[in-house]
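What follows is the content of start_7.cif, which has mmCIF, C-alpha atoms:
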data_upload
loop_
_atom_site.label_atom_id
_atom_site.label_comp_id
_atom_site.auth_asym_id
_atom_site.auth_seq_id
_atom_site.Cartn_x
_atom_site.Cartn_y
_atom_site.Cartn_z
CA MET A 1 91.99 182.93 70.55
CA LYS A 2 91.98 185.52 67.79
CA ASN A 3 95.51 184.52 66.68
CA LEU A 4 94.54 180.83 66.80
CA SER A 5 91.51 181.48 64.58
CA ARG A 6 93.67 183.38 62.11
CA ARG A 7 96.19 180.52 61.95
CA LEU A 8 93.41 178.03 61.32
CA VAL A 9 92.04 180.17 58.49
CA LEU A 10 95.50 180.46 56.94
CA GLN A 11 96.09 176.71 57.24
CA ALA A 12 92.74 175.99 55.59
CA ALA A 13 93.55 178.41 52.77
CA ALA A 14 96.97 176.84 52.25
CA GLY A 15 95.42 173.36 52.16
CA ALA A 16 92.84 174.44 49.60
CA ALA A 17 95.57 176.06 47.49
CA ALA A 18 97.68 172.91 47.57
CA LEU A 19 94.71 170.85 46.42
CA ALA A 20 94.06 173.33 43.61
CA VAL A 21 97.70 173.06 42.52
CA MET A 22 97.46 169.26 42.36
CA LYS A 23 94.31 169.47 40.25
CA LEU A 24 95.89 171.97 37.84
CA GLN A 25 99.00 169.83 37.44
CA ALA A 26 96.85 166.79 36.70
CA ALA A 27 94.79 168.77 34.17
CA GLU A 28 97.95 169.83 32.35
CA GLY A 29 99.28 166.30 32.13
CA LEU A 30 102.52 167.03 33.97
CA VAL A 31 104.76 164.03 34.57
CA THR A 32 107.27 163.07 37.23
CA ARG A 33 110.70 161.68 36.39
CA ALA A 34 113.81 160.97 38.40
CA PHE A 35 116.52 163.63 38.47
CA GLU A 36 119.82 164.44 40.16
CA VAL A 37 120.89 167.62 41.94
CA LEU A 38 124.60 168.44 41.59
CA ASP A 39 126.39 171.33 43.31
CA LEU A 40 129.47 172.34 41.33
CA ASP A 41 131.96 174.90 42.67
CA TRP A 42 133.45 176.40 39.56
CA ALA A 43 135.76 179.41 39.33
CA ASP A 44 136.63 181.64 36.39
CA ALA A 45 140.41 181.96 36.67
CA ALA A 46 140.57 184.71 34.05
CA ARG A 47 138.32 186.95 36.16
CA GLN A 48 139.36 185.51 39.53
CA ARG A 49 135.68 185.06 40.31
CA PRO A 50 133.94 182.00 41.77
CA VAL A 51 130.84 180.82 39.89
CA PRO A 52 129.06 178.22 42.05
CA VAL A 53 126.19 176.44 40.32
CA ARG A 54 123.49 173.91 41.09
CA LEU A 55 122.48 171.58 38.27
CA TYR A 56 119.09 169.87 38.17
CA LEU A 57 119.83 167.01 35.81
CA PRO A 58 117.02 164.81 34.44
CA ASP A 59 117.34 161.20 33.38
CA THR A 60 118.61 161.76 29.84
CA THR A 61 118.01 158.12 28.86
CA ARG A 62 114.33 159.06 28.54
CA SER A 63 115.19 161.42 25.67
CA ARG A 64 115.14 160.00 22.15
CA SER A 65 118.49 161.55 21.33
CA GLY A 66 119.98 161.18 24.81
CA ARG A 67 120.24 164.99 24.96
CA VAL A 68 117.92 167.37 26.80
CA PRO A 69 117.19 171.10 26.63
CA LEU A 70 118.97 173.32 29.13
CA VAL A 71 117.72 176.30 31.14
CA VAL A 72 120.39 178.57 32.65
CA PHE A 73 118.82 180.41 35.61
CA SER A 74 120.05 183.67 37.16
CA HIS A 75 118.84 184.66 40.65
CA GLY A 76 117.67 188.04 41.88
CA ILE A 77 119.75 190.31 44.10
CA GLY A 78 120.68 188.60 47.36
CA GLY A 79 119.87 185.11 46.05
CA SER A 80 121.90 181.95 45.53
CA ARG A 81 122.15 178.77 43.47
CA ARG A 82 119.76 177.13 45.93
CA GLY A 83 116.92 179.48 45.03
CA TYR A 84 114.03 178.94 42.63
CA SER A 85 114.19 175.23 43.36
CA TYR A 86 110.50 174.84 42.52
CA LEU A 87 111.38 175.70 38.93
CA GLY A 88 114.62 173.71 38.74
CA GLN A 89 112.96 170.60 40.12
CA HIS A 90 109.95 170.97 37.84
CA PHE A 91 112.06 171.34 34.72
CA ALA A 92 114.15 168.29 35.64
CA ARG A 93 111.10 166.16 36.44
CA ASN A 94 109.86 166.92 32.94
CA GLY A 95 113.04 166.24 30.99
CA VAL A 96 114.67 169.69 30.95
CA ALA A 97 118.01 170.37 32.69
CA SER A 98 118.23 173.53 34.79
CA LEU A 99 121.55 175.14 35.73
CA HIS A 100 121.18 177.67 38.57
CA LEU A 101 123.99 180.20 38.88
CA GLN A 102 125.23 182.04 41.97
CA HIS A 103 126.57 185.53 41.29
CA VAL A 104 129.07 186.19 44.08
CA GLY A 105 128.95 189.99 43.76
CA SER A 106 125.20 190.18 44.29
CA ASP A 107 124.33 186.97 46.11
CA ARG A 108 123.08 186.10 49.60
CA THR A 109 126.27 187.41 51.24
CA LEU A 110 124.77 190.90 50.81
CA TRP A 111 122.55 190.16 53.82
CA SER A 112 125.61 189.59 56.06
CA GLY A 113 127.19 192.45 57.97
CA SER A 114 125.82 195.58 59.54
CA VAL A 115 122.19 196.41 58.81
CA PHE A 116 123.19 200.07 58.66
CA SER A 117 125.27 199.49 55.54
CA LEU A 118 122.79 197.13 53.84
CA VAL A 119 121.37 199.76 51.50
CA GLY A 120 124.88 200.66 50.38
CA ARG A 121 125.69 197.02 49.71
CA LEU A 122 122.51 196.58 47.66
CA GLN A 123 123.17 199.73 45.66
CA GLY A 124 126.76 198.67 45.04
CA ALA A 125 125.62 195.29 43.75
CA ALA A 126 123.35 197.03 41.22
CA GLN A 127 126.16 198.94 39.52
CA ASP A 128 127.35 198.37 35.94
CA ALA A 129 130.38 196.27 36.85
CA GLU A 130 128.30 193.63 38.61
CA ALA A 131 125.62 193.62 35.89
CA ILE A 132 128.35 192.89 33.33
CA ALA A 133 130.00 190.29 35.57
CA ARG A 134 126.69 188.46 35.92
CA ALA A 135 126.33 188.09 32.16
CA GLN A 136 129.93 186.91 32.03
CA ASP A 137 129.10 184.35 34.75
CA LEU A 138 126.39 182.96 32.49
CA ARG A 139 128.76 182.66 29.54
CA PHE A 140 131.45 181.06 31.69
CA ALA A 141 128.98 178.55 33.15
CA LEU A 142 127.81 177.54 29.68
CA ASP A 143 131.41 177.24 28.46
CA THR A 144 132.31 175.05 31.43
CA LEU A 145 129.25 172.82 31.31
CA LEU A 146 129.41 172.24 27.56
CA ALA A 147 133.13 171.42 27.68
CA GLY A 148 132.84 169.01 30.61
CA GLU A 149 132.06 165.34 30.99
CA LEU A 150 128.31 166.02 31.21
CA ALA A 151 128.26 167.85 27.86
CA PRO A 152 126.89 164.89 25.83
CA ARG A 153 123.68 165.05 27.88
CA PHE A 154 122.68 168.52 26.67
CA ASP A 155 121.35 169.75 23.35
CA ASP A 156 123.32 172.92 22.71
CA ARG A 157 120.71 173.99 20.12
CA ARG A 158 118.04 174.17 22.85
CA ILE A 159 119.37 176.56 25.49
CA VAL A 160 117.17 179.02 27.40
CA ALA A 161 118.42 181.90 29.55
CA ALA A 162 116.05 182.58 32.45
CA GLY A 163 116.03 184.71 35.57
CA HIS A 164 114.07 186.63 38.17
CA SER A 165 114.38 190.35 38.91
CA TYR A 166 118.09 191.29 38.57
CA GLY A 167 118.48 187.83 37.05
CA ALA A 168 115.93 188.75 34.40
CA ASN A 169 118.17 191.66 33.39
CA THR A 170 121.09 189.21 33.19
CA THR A 171 118.93 186.98 31.01
CA LEU A 172 118.08 189.82 28.63
CA LEU A 173 121.73 190.85 28.33
CA ALA A 174 122.63 187.30 27.34
CA ALA A 175 119.76 187.34 24.86
CA GLY A 176 121.03 190.48 23.13
CA ALA A 177 120.09 193.61 25.12
CA ARG A 178 122.35 196.58 24.37
CA VAL A 179 123.13 199.18 27.01
CA ALA A 180 125.08 202.31 26.07
CA ARG A 181 127.89 203.45 28.34
CA GLU A 182 130.45 206.18 27.60
CA GLY A 183 129.30 206.51 24.01
CA ARG A 184 129.37 202.83 23.08
CA ASP A 185 127.08 199.85 23.38
CA ILE A 186 127.93 197.13 25.84
CA GLU A 187 127.06 193.86 24.10
CA LEU A 188 127.02 190.65 26.11
CA LYS A 189 124.91 188.50 23.82
CA ASP A 190 125.57 184.77 23.90
CA GLU A 191 124.67 183.23 20.54
CA ARG A 192 123.95 179.89 22.20
CA VAL A 193 120.90 181.36 23.94
CA ARG A 194 117.91 180.51 21.74
CA ALA A 195 115.09 181.73 24.03
CA ALA A 196 114.60 183.85 27.16
CA ILE A 197 112.37 183.74 30.24
CA ALA A 198 112.22 187.05 32.14
CA ILE A 199 110.37 186.95 35.47
CA SER A 200 109.74 190.32 37.15
CA ALA A 201 112.31 192.16 35.02
CA PRO A 202 113.07 195.69 36.31
CA PRO A 203 114.23 198.52 34.03
CA PHE A 204 117.93 198.43 33.22
CA TYR A 205 119.87 200.39 35.80
CA GLY A 206 119.79 204.10 34.97
CA GLU A 207 117.96 203.54 31.66
CA ARG A 208 114.51 204.75 30.67
CA GLU A 209 114.39 203.84 26.96
CA PRO A 210 113.66 200.11 26.90
CA ARG A 211 112.99 199.94 23.16
CA ARG A 212 116.49 201.12 22.29
CA ILE A 213 117.92 198.51 24.64
CA LEU A 214 115.67 195.56 23.81
CA SER A 215 114.50 195.98 20.21
CA GLY A 216 117.46 193.95 18.97
CA ILE A 217 116.43 190.84 20.90
CA THR A 218 114.91 188.48 18.36
CA VAL A 219 114.83 185.16 20.23
CA PRO A 220 111.43 183.98 21.53
CA SER A 221 110.75 185.31 25.03
CA LEU A 222 108.36 184.73 27.91
CA HIS A 223 107.66 187.49 30.45
CA VAL A 224 106.02 186.83 33.82
CA THR A 225 104.85 189.40 36.38
CA ALA A 226 101.91 190.34 38.62
CA THR A 227 99.81 193.47 39.15
CA ASP A 228 101.43 193.98 42.58
CA ASP A 229 104.93 193.05 41.41
CA VAL A 230 106.55 196.11 43.00
CA ILE A 231 110.23 196.65 43.83
CA ARG A 232 110.63 199.13 46.67
CA ILE A 233 113.96 199.73 48.40
CA PRO A 234 115.40 203.01 49.74
CA GLY A 235 116.10 205.25 46.76
CA TYR A 236 114.49 202.92 44.21
CA PHE A 237 110.96 202.11 43.09
CA SER A 238 109.72 200.05 40.16
CA GLY A 239 106.08 199.13 39.55
CA SER A 240 104.61 196.32 37.50
CA GLU A 241 104.11 198.69 34.56
CA ASP A 242 107.88 198.57 34.09
CA ARG A 243 107.69 194.81 33.45
CA VAL A 244 105.03 195.36 30.78
CA ALA A 245 107.08 198.15 29.18
CA LEU A 246 110.03 195.78 28.82
CA PHE A 247 107.79 193.17 27.20
CA ASP A 248 106.45 195.76 24.76
CA ALA A 249 110.01 196.84 23.86
CA MET A 250 111.24 193.37 22.91
CA GLY A 251 112.08 192.98 19.25
CA SER A 252 111.01 189.37 18.88
CA GLU A 253 107.79 188.60 17.06
CA ARG A 254 107.40 185.51 19.27
CA LYS A 255 106.87 186.85 22.77
CA TRP A 256 104.39 186.03 25.52
CA LEU A 257 103.30 187.94 28.63
CA ALA A 258 101.53 186.58 31.73
CA VAL A 259 100.37 188.99 34.44
CA PHE A 260 98.96 187.45 37.60
CA GLU A 261 96.36 189.31 39.66
CA GLY A 262 97.77 190.63 42.96
CA GLY A 263 100.85 188.86 44.27
CA SER A 264 104.24 190.44 45.03
CA HIS A 265 107.74 190.72 43.61
CA SER A 266 109.14 188.00 45.88
CA MET A 267 106.26 185.62 45.16
CA PHE A 268 108.34 184.10 42.35
CA THR A 269 111.18 183.13 44.72
CA ASP A 270 111.07 180.03 46.93
CA ARG A 271 109.51 182.06 49.74
CA ALA A 272 106.14 180.69 50.85
CA GLY A 273 103.19 182.93 51.64
CA THR A 274 104.46 186.18 50.13
CA GLY A 275 101.86 187.63 47.80
CA GLY A 276 99.11 185.71 49.59
CA VAL A 277 98.97 182.37 51.41
CA ALA A 278 96.52 180.91 48.91
CA LEU A 279 97.80 182.72 45.81
CA ASN A 280 101.52 181.97 46.28
CA PRO A 281 101.42 178.19 45.62
CA GLN A 282 98.92 178.64 42.81
CA VAL A 283 101.19 181.14 41.04
CA LYS A 284 104.19 178.88 41.52
CA ALA A 285 102.35 175.92 39.99
CA ALA A 286 101.08 178.09 37.16
CA THR A 287 104.58 179.46 36.52
CA GLN A 288 106.00 175.93 36.48
CA ALA A 289 103.46 174.90 33.85
CA LEU A 290 103.87 178.09 31.81
CA THR A 291 107.67 178.04 31.61
CA LEU A 292 107.71 174.36 30.65
CA ALA A 293 105.01 174.91 28.03
CA PHE A 294 107.08 177.80 26.61
CA VAL A 295 110.17 175.60 26.31
CA ARG A 296 108.19 172.87 24.56
CA THR A 297 106.57 175.35 22.20
CA VAL A 298 109.86 176.98 21.20
CA PHE A 299 111.98 173.84 20.87
CA ASP A 300 109.58 171.00 20.15
CA GLY A 301 106.87 172.78 18.19
CA ASP A 302 104.33 171.44 20.71
CA ALA A 303 102.12 174.46 21.37
CA ALA A 304 99.14 172.61 22.86
CA ALA A 305 100.05 173.16 26.52
CA LEU A 306 100.82 176.85 26.01
CA ALA A 307 97.57 177.38 24.12
CA ALA A 308 95.56 175.74 26.91
CA TRP A 309 97.42 177.44 29.78
CA PRO A 310 95.50 180.78 29.97
CA GLN A 311 92.14 179.08 30.34
CA LEU A 312 93.39 176.69 33.01
CA HIS A 313 94.70 179.61 35.08
CA ALA A 314 92.11 182.26 34.23
CA GLY A 315 91.09 182.60 37.89
CA ILE A 316 94.45 184.10 38.90
CA LEU A 317 95.33 185.95 35.69
CA ALA A 318 94.94 189.66 35.05
CA ARG A 319 96.31 189.50 31.51
CA PHE A 320 97.81 187.09 29.02
CA SER A 321 99.05 187.90 25.54
CA GLY A 322 101.08 186.17 22.89
CA PRO A 323 102.09 186.41 19.24
CA ALA A 324 99.44 187.22 16.71
CA ALA A 325 98.13 184.12 14.99
#

Using structure tokens, write down the structure that the file contains.
Amino acid sequence: MKNLSRRLVLQAAAGAAALAVMKLQAAEGLVTRAFEVLDLDWADAARQRPVPVRLYLPDTTRSRSGRVPLVVFSHGIGGSRRGYSYLGQHFARNGVASLHLQHVGSDRTLWSGSVFSLVGRLQGAAQDAEAIARAQDLRFALDTLLAGELAPRFDDRRIVAAGHSYGANTTLLAAGARVAREGRDIELKDERVRAAIAISAPPFYGEREPRRILSGITVPSLHVTATDDVIRIPGYFSGSEDRVALFDAMGSERKWLAVFEGGSHSMFTDRAGTGGVALNPQVKAATQALTLAFVRTVFDGDAAALAAWPQLHAGILARFSGPAA
């Protein structure tokens, strides 16, 4: 009986959260458009590395120019191209294409095999070689997409790099982060990236001076985290203060930070319930609205939605900051 009562309470909370999400989406004037989902199994022959992608492609005929902005999304460790679908679908429904990468050296295959060697596999995936390969995956995916038959549908002047956790590090490398190794800077900046969205970005592996790494990033950036956004695996810990430190270190004058109250690190994935049964869908809906508002502010000069966003989501926010007026 006790377990039944708990389930009923959780179901009621989830129902109330879903209703709240619908109300918030209506208040922010979000629209729904048709879109396609395309799985493309690319491979970089030069590196002998597969780069599978999933493309959320909106109806480009609704765009005045026939071209739409493009978000290139990088997953966290152990993820895949199928992840973060709530963001990919939302972008596409609102006229923004979203290309979700799968990084084969740090993707879902890490969870296969003996549990006793899992920590070793995770630590191996976090080494320099894979971090560099991920940024090269992003460049290769952009090269391939913009040279293919779908290229006329995208505006190559409106490209955003985005990612969660390890994918946020990949995003920042593509946006211009510089990491020193063996006396020289490793630069993986892609000049086509005009803005960056970093969700739950951890410190760069082995680095504790974020300003030296990130001060050269001058593109507009959006940073998203939560007060309980904690990464904890054997031999590694990173608290939410690390996400704020990375935001502070960014060189761009146009940068925004949203910190949700409570939550968890995995709340920003497609997993339901993590971070709180009621809070999880609210944060997802708020993150959908925030990331889209950021894209429209940066590329379309339409700052109304971004200006209104903090008030609409004040009940779940611990902090919000943006550029000085």

**Q.** 10 Å contact set for range 221-223 of chain A, all atoms listed in the file, chain neighbours under 3 positions out, as number ranges by chain
**A.** A: 160-162, 168, 172, 175, 194-201, 217-218, 243-244, 246-247, 250-259, 290-291, 294-295, 298, 320-322

Explicit residue set for the PyMOL selection byres ((chain A and resi 108-120) around 8), as a tab-separated table (two decimals) with C-alpha atoms, in the frame of the given file:
chain	number	residue	atom	x	y	z
A	77	ILE	CA	119.75	190.31	44.10
A	78	GLY	CA	120.68	188.60	47.36
A	79	GLY	CA	119.87	185.11	46.05
A	80	SER	CA	121.90	181.95	45.53
A	104	VAL	CA	129.07	186.19	44.08
A	106	SER	CA	125.20	190.18	44.29
A	107	ASP	CA	124.33	186.97	46.11
A	121	ARG	CA	125.69	197.02	49.71
A	122	LEU	CA	122.51	196.58	47.66
A	123	GLN	CA	123.17	199.73	45.66
A	124	GLY	CA	126.76	198.67	45.04
A	234	PRO	CA	115.40	203.01	49.74

Step by step, work through what the PyMOL selection byres ((chain A and resi 275) around 8) selects in the shown file, and finish by giving those residues as an mmCIF file with C-alpha atoms, in the frame of the given file.
data_model
loop_
_atom_site.group_PDB
_atom_site.id
_atom_site.type_symbol
_atom_site.label_atom_id
_atom_site.label_comp_id
_atom_site.auth_asym_id
_atom_site.auth_seq_id
_atom_site.Cartn_x
_atom_site.Cartn_y
_atom_site.Cartn_z
ATOM 1 C CA GLY A 262 97.770 190.630 42.960
ATOM 2 C CA GLY A 263 100.850 188.860 44.270
ATOM 3 C CA SER A 264 104.240 190.440 45.030
ATOM 4 C CA HIS A 265 107.740 190.720 43.610
ATOM 5 C CA SER A 266 109.140 188.000 45.880
ATOM 6 C CA MET A 267 106.260 185.620 45.160
ATOM 7 C CA GLY A 273 103.190 182.930 51.640
ATOM 8 C CA THR A 274 104.460 186.180 50.130
ATOM 9 C CA GLY A 276 99.110 185.710 49.590
ATOM 10 C CA VAL A 277 98.970 182.370 51.410
ATOM 11 C CA LEU A 279 97.800 182.720 45.810
ATOM 12 C CA ASN A 280 101.520 181.970 46.280
#

Q) What would the list of residues within 12 Å of (120.0, 201.3, 37.8) (file frame) look like as a list of chain:residue names, if all atoms listed in the file are what count? A) A:Leu122, A:Gln123, A:Gly124, A:Ala125, A:Ala126, A:Gln127, A:Asp128, A:Ala129, A:Glu130, A:Ala131, A:Tyr166, A:Asn169, A:Val179, A:Pro202, A:Pro203, A:Phe204, A:Tyr205, A:Gly206, A:Glu207, A:Arg208, A:Gly235, A:Tyr236, A:Phe237, A:Ser238

Q: Convert the output of the PyMOL selection byres ((chain A and resi 146-150) around 12) on the shown file into explicit residues, formatted as a VMD selection string.
A: chain A and resid 38 40 42 55 57 to 58 60 66 to 68 70 97 99 139 to 145 151 to 157 159 192

Q.
When you count only C-alpha atoms, which of these residues is closest to His103 in chain A: A:Gln288, A:Gln136, A:Thr227, A:Ser63?
A. A:Gln136

Q.
One number please: CA of Ala278 in chain A to CA of Gln102 in chain A, in Å, one decimal.
A. 29.6 Å

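Taking CA of Leu317 in chain A and CA of Ala226 in chain A as endpoints, the distance between them is 8.4 Å.
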
**Q.** Distance of CA of Val53 in chain A from CA of Gln282 in chain A, expressed in Å to one decimal place
**A.** 27.5 Å
